[in-house]
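Source file: coords-v4.txt (compact mmCIF, C-alpha atoms and all ligand atoms)
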```txt
# COMPACT_ATOMS: atom_id res chain seq x y z
CA MET D 54 171.68 95.65 78.30
CA ALA D 55 173.12 95.66 81.81
CA GLY D 56 175.99 97.84 80.56
CA LEU D 57 173.59 100.30 78.91
CA ALA D 58 171.48 100.45 82.08
CA ARG D 59 174.63 101.19 84.11
CA GLN D 60 175.66 103.97 81.74
CA LEU D 61 172.18 105.53 81.81
CA GLY D 62 172.28 105.63 85.62
CA ALA D 63 175.91 106.69 85.94
CA PRO D 64 177.53 107.68 82.63
CA SER D 65 181.26 107.11 82.77
CA GLY D 66 184.24 107.39 80.43
CA LEU D 67 184.02 107.30 76.64
CA ARG D 68 180.91 105.10 76.64
CA GLY D 69 179.26 107.49 79.07
CA ARG D 70 179.98 110.41 76.75
CA LEU D 71 178.50 108.50 73.80
CA VAL D 72 175.37 107.61 75.80
CA ALA D 73 175.08 111.24 76.92
CA ALA D 74 175.26 112.48 73.30
CA MET D 75 172.47 110.04 72.42
CA LEU D 76 170.40 111.25 75.40
CA ASN D 77 170.86 114.88 74.37
CA ARG D 78 169.39 114.11 70.94
CA ALA D 79 166.63 111.79 72.15
CA ASN D 80 165.47 113.96 75.06
CA ARG D 81 165.81 117.44 73.60
CA ASN D 82 162.08 117.91 72.98
CA THR D 83 161.08 116.52 76.39
CA VAL D 84 163.58 118.72 78.21
CA ALA D 85 162.50 121.78 76.16
CA GLN D 86 158.89 121.19 77.21
CA ALA D 87 159.95 120.79 80.85
CA VAL D 88 161.76 124.14 80.69
CA SER D 89 158.73 125.75 79.08
CA ALA D 90 156.42 124.30 81.79
CA LEU D 91 158.42 126.19 84.44
CA SER D 92 157.02 129.52 83.10
CA LEU D 93 160.12 131.28 84.34
CA PRO D 94 160.24 134.94 85.32
CA ARG D 95 163.05 137.16 84.04
CA ASP D 96 166.29 136.83 86.01
CA ALA D 97 165.25 133.36 87.11
CA VAL D 98 167.46 131.10 89.20
CA VAL D 99 166.98 127.49 88.11
CA ALA D 100 168.44 124.00 88.39
CA ASP D 101 168.75 120.84 86.33
CA VAL D 102 169.27 117.88 88.64
CA GLY D 103 170.91 114.88 86.95
CA PHE D 104 171.71 116.87 83.80
CA GLY D 105 173.58 114.05 82.05
CA GLY D 106 174.73 115.24 78.61
CA GLY D 107 173.68 118.78 79.53
CA ILE D 108 170.82 119.48 77.14
CA GLY D 109 168.83 120.88 80.08
CA LEU D 110 171.69 123.19 81.08
CA GLU D 111 171.86 124.52 77.52
CA LEU D 112 168.11 125.16 77.27
CA LEU D 113 167.95 126.74 80.74
CA LEU D 114 170.91 129.01 79.93
CA ASP D 115 169.06 130.10 76.77
CA GLU D 116 165.92 130.71 78.80
CA VAL D 117 167.23 132.76 81.74
CA ALA D 118 167.88 136.31 80.71
CA GLY D 119 169.45 139.25 82.55
CA SER D 120 170.97 138.23 85.84
CA GLY D 121 169.48 134.72 85.73
CA ARG D 122 171.55 131.77 86.94
CA VAL D 123 171.59 128.03 86.30
CA HIS D 124 172.66 125.30 88.73
CA GLY D 125 173.47 121.80 87.56
CA ALA D 126 173.73 118.87 89.98
CA GLU D 127 175.23 115.52 88.95
CA LEU D 128 176.93 112.50 90.47
CA SER D 129 178.81 111.46 87.31
CA GLU D 130 182.36 112.85 87.18
CA THR D 131 182.35 112.32 83.41
CA MET D 132 179.19 114.41 82.93
CA LEU D 133 180.48 117.11 85.29
CA ALA D 134 183.79 117.31 83.41
CA SER D 135 182.05 117.46 79.99
CA ALA D 136 179.72 120.24 81.15
CA ALA D 137 182.61 122.14 82.74
CA ARG D 138 184.40 122.10 79.36
CA ARG D 139 181.41 122.87 77.17
CA TYR D 140 180.00 125.70 79.30
CA ARG D 141 183.25 127.16 80.62
CA GLY D 142 182.26 130.65 79.37
CA ASP D 143 178.98 130.60 81.32
CA ILE D 144 180.77 129.24 84.39
CA LYS D 145 183.39 131.97 84.14
CA VAL D 146 180.82 134.77 84.20
CA GLY D 147 178.83 133.14 87.01
CA ARG D 148 175.76 132.19 84.94
CA LEU D 149 176.30 128.45 85.52
CA HIS D 150 177.26 126.64 88.72
CA LEU D 151 178.00 122.92 88.61
CA HIS D 152 177.72 120.76 91.74
CA ASN D 153 178.96 117.25 92.35
CA ALA D 154 175.90 116.34 94.38
CA SER D 155 173.05 113.90 94.69
CA MET D 156 169.45 114.93 94.33
CA THR D 157 168.97 113.78 97.92
CA ARG D 158 171.41 116.40 99.20
CA LEU D 159 171.51 119.54 97.10
CA PRO D 160 174.15 122.12 98.08
CA LEU D 161 171.69 124.99 97.69
CA PRO D 162 170.04 127.22 100.29
CA ASP D 163 166.33 127.02 101.12
CA ASP D 164 163.85 128.83 98.86
CA CYS D 165 166.41 129.86 96.26
CA LEU D 166 165.06 128.51 92.95
CA ASP D 167 162.35 129.72 90.59
CA GLY D 168 162.40 126.39 88.82
CA LEU D 169 163.91 122.92 89.01
CA ILE D 170 163.82 120.18 86.40
CA THR D 171 164.91 116.58 86.76
CA ILE D 172 164.32 114.39 83.73
CA ASN D 173 164.80 110.62 83.51
CA THR D 174 166.62 110.52 86.82
CA ILE D 175 164.37 109.20 89.57
CA TYR D 176 164.76 105.59 88.39
CA PHE D 177 168.24 105.72 89.89
CA VAL D 178 167.43 106.95 93.37
CA ALA D 179 166.37 104.61 96.19
CA ASP D 180 165.23 107.41 98.50
CA LEU D 181 162.67 109.22 96.36
CA GLY D 182 161.15 110.80 99.48
CA GLY D 183 164.52 112.31 100.37
CA ALA D 184 164.94 113.66 96.84
CA VAL D 185 161.54 115.32 96.60
CA ALA D 186 162.01 116.77 100.11
CA GLU D 187 165.14 118.47 98.76
CA PHE D 188 163.23 119.81 95.74
CA ALA D 189 160.56 121.21 98.07
CA ARG D 190 163.22 122.77 100.29
CA VAL D 191 165.13 124.61 97.55
CA VAL D 192 162.23 125.87 95.43
CA LYS D 193 160.59 129.21 96.21
CA GLY D 194 156.89 129.41 97.09
CA THR D 195 156.29 130.87 93.63
CA GLY D 196 158.50 128.32 91.87
CA ARG D 197 157.86 125.10 89.99
CA VAL D 198 159.37 121.62 89.99
CA VAL D 199 159.13 119.45 86.87
CA ILE D 200 159.87 115.73 87.18
CA GLY D 201 160.11 113.87 83.87
CA LEU D 202 159.66 110.11 83.79
CA GLY D 203 158.86 107.46 81.24
CA ASP D 204 155.45 105.87 81.38
CA PRO D 205 155.83 102.83 83.68
CA THR D 206 154.23 100.41 81.18
CA ALA D 207 156.55 101.48 78.39
CA MET D 208 159.52 101.45 80.77
CA GLN D 209 158.75 97.88 81.90
CA ALA D 210 158.83 96.81 78.25
CA ALA D 211 162.28 98.30 77.61
CA PRO D 212 164.91 95.53 77.90
CA TYR D 213 167.49 97.62 79.79
CA THR D 214 165.17 98.59 82.67
CA ALA D 215 165.34 95.06 84.11
CA HIS D 216 168.87 95.95 85.22
CA GLY D 217 168.36 98.04 88.33
CA PHE D 218 165.82 100.67 87.23
CA ARG D 219 163.27 101.62 89.90
CA ILE D 220 160.05 101.95 87.95
CA ARG D 221 157.40 103.60 90.09
CA PRO D 222 153.74 104.16 89.26
CA VAL D 223 153.10 107.81 88.37
CA SER D 224 150.57 107.95 91.21
CA GLU D 225 153.32 106.98 93.68
CA VAL D 226 155.51 109.84 92.49
CA ILE D 227 152.58 112.26 92.74
CA ASP D 228 151.90 111.03 96.30
CA GLU D 229 155.56 111.44 97.30
CA LEU D 230 155.46 115.01 96.00
CA GLY D 231 152.27 115.65 97.95
CA THR D 232 153.87 114.38 101.14
CA VAL D 233 156.51 117.12 100.99
CA GLY D 234 154.03 119.87 100.08
CA LEU D 235 154.39 119.85 96.30
CA THR D 236 151.07 119.66 94.46
CA VAL D 237 151.08 118.30 90.92
CA GLU D 238 149.13 120.80 88.81
CA ARG D 239 149.58 119.10 85.45
CA ASP D 240 150.82 115.87 83.92
CA VAL D 241 152.09 117.00 80.51
CA ARG D 242 152.55 114.06 78.12
CA VAL D 243 155.34 114.31 75.56
CA GLY D 244 155.36 111.85 72.67
CA ASP D 245 152.80 109.48 71.25
CA GLY D 246 150.62 106.80 72.77
CA ILE D 247 151.45 104.83 75.85
CA ALA D 248 155.16 105.55 75.54
CA ALA D 249 154.59 109.30 76.01
CA VAL D 250 156.80 110.68 78.77
CA HIS D 251 155.15 112.25 81.84
CA LEU D 252 156.20 115.72 82.92
CA LEU D 253 154.79 116.23 86.41
CA VAL D 254 154.57 119.98 86.99
CA ALA D 255 154.38 120.66 90.72
CA ALA D 256 154.01 123.80 92.81
CA PRO D 257 154.54 124.31 96.53
CA ARG D 258 151.43 124.42 98.64
CA ALA D 259 151.17 127.45 100.89
CA ARG D 260 153.71 127.10 103.68
CA THR D 261 152.30 128.57 106.85
CA SER D 262 154.20 129.31 110.00
CA GLY D 263 155.64 132.14 111.91
CA PRO D 264 154.16 135.42 113.03
CA GLY D 265 152.56 137.62 110.41
CA GLN D 266 151.61 134.76 108.09
CA ILE D 267 147.96 133.96 107.70
CA PRO D 268 147.35 130.22 107.55
CA GLY D 269 146.15 129.14 104.14
CA VAL D 270 147.27 132.28 102.30
CA PRO D 271 149.88 131.50 99.63
CA ARG D 272 153.24 133.26 99.81
CA GLY D 273 153.35 134.09 96.14
CA PRO D 274 151.13 134.94 93.17
CA HIS D 275 150.47 131.30 92.16
C1 LIG P 301 169.31 108.84 82.01
S1 LIG P 301 170.35 110.16 82.46
C2 LIG P 301 169.30 111.56 82.10
C3 LIG P 301 170.07 112.79 81.72
C4 LIG P 301 169.23 113.99 81.32
N1 LIG P 301 168.47 114.51 82.45
C5 LIG P 301 168.34 113.67 80.16
O1 LIG P 301 167.10 113.55 80.35
O2 LIG P 301 168.83 113.52 79.05
C6 LIG P 301 170.33 110.12 84.25
C7 LIG P 301 171.35 111.04 84.88
O3 LIG P 301 171.04 111.14 86.28
C8 LIG P 301 172.25 111.15 87.01
N2 LIG P 301 171.96 110.70 88.38
C9 LIG P 301 171.72 109.43 88.81
N3 LIG P 301 171.48 109.42 90.13
C10 LIG P 301 171.57 110.71 90.56
C11 LIG P 301 171.44 111.34 91.84
N4 LIG P 301 171.15 110.64 92.94
N5 LIG P 301 171.61 112.68 91.90
C12 LIG P 301 171.91 113.40 90.79
N6 LIG P 301 172.03 112.86 89.55
C13 LIG P 301 171.88 111.52 89.44
C14 LIG P 301 173.14 110.21 86.23
O4 LIG P 301 174.52 110.44 86.52
C15 LIG P 301 172.76 110.53 84.79
O5 LIG P 301 173.58 111.52 84.22
```

Rewrite the structure from the file as structure tokens, please.
Ligand SMILES: C[S@@+](CC[C@H](N)C(=O)[O-])C[C@H]1O[C@@H](n2cnc3c(N)ncnc32)[C@H](O)[C@@H]1O
Amino acid sequence: MAGLARQLGAPSGLRGRLVAAMLNRANRNTVAQAVSALSLPRDAVVADVGFGGGIGLELLLDEVAGSGRVHGAELSETMLASAARRYRGDIKVGRLHLHNASMTRLPLPDDCLDGLITINTIYFVADLGGAVAEFARVVKGTGRVVIGLGDPTAMQAAPYTAHGFRIRPVSEVIDELGTVGLTVERDVRVGDGIAAVHLLVAAPRARTSGPGQIPGVPRGPH
């Protein structure tokens, strides 16, 4: 169980690739619903943070049409290498950019994304405040952030989570998002019963500052 927990948090080597293939199958529907919850415009620029086996990269690449672009951030060298192989065509034409980076320090400029998803990742980060501050920084005023996490009760019951998972109440995650100016508009449940995954769909509150901006008036159409 400790080994599985380690691989889920940092997939590595052959075992990491096997775990990632399992995650791609198990999480496909959840990730698809997260992508759909972004309600992306045409030519969207998006990111999957902690993409693991890459199912989110694949679904985002399918979703963004025209001149759209996808960024993937990961800490696992094995996952980065697998994605670099699998999506080499998209990388070559500039549709996909992979980054060896933590969610607490994204190598992206401010206000550059129409959407960001991060699914089953926040259990592995100590500094959740730092991570959500990064999400708030990189997403446009009209964009959306979707954080996917297992229901805490179901997660507590899973034998592998005793080995280093940080299981936070959903309300704590919502509060952290609020602290950095991201308001949770919806908690979409995926799956059945108590084990249903939470997809927290968050939008930036109006950011006000600088001449010419009227306090309280949103920057975008949302
Ligand atoms: C359980 S997997 C989830 C993969 C995928 N998002 C999914 O839902 O199938 C967690 C992934 O998050 C990555 N990860 C862990 N900590 C991270 C961090 N601080 N920044 C970026 N990625 C991280 C791990 O390397 C791993 O690939």

query: ligand LIG 301 (chain P): which residues are within 9 Å, counting only C-alpha atoms and all ligand atoms, as a PyMOL selection string?
result: chain D and resi 58+60-65+69+72-81+83-84+101-109+126-133+153-159+170-180+184+201-202

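The coordinates place CA of Arg148 (chain D) at 7.7 Å from CA of Leu114 (chain D).
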
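One distance worth recording is that between CA of Gly234 (chain D) and CA of Leu253 (chain D), which is 14.2 Å.
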
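Considering all atoms listed in the file, the residue among D:Ala259, D:Leu71, D:Leu112, D:Val237 positioned nearest to Ala100 (chain D) is D:Leu112.
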
message: Which residue is closest to Glu229 (chain D)? Choose from D:Val198, D:His251, D:Val185, D:Gly203 and count only C-alpha atoms.
response: D:Val185

statement: Counting all atoms listed in the file, closest pick from D:Ala215, D:His152, D:Val146, D:Leu181 relative to Arg59 (chain D) is D:Ala215

Top pick for closest residue to Asp143 (chain D), considering D:Met54, D:Leu113, D:Val250, D:Leu161 and counting all atoms listed in the file: D:Leu113

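When all atoms listed in the file are used to compute distances to Asp115 (chain D), the closest of the residues D:Ser89, D:Thr232, D:Gln209, D:Asn82 turns out to be D:Ser89.
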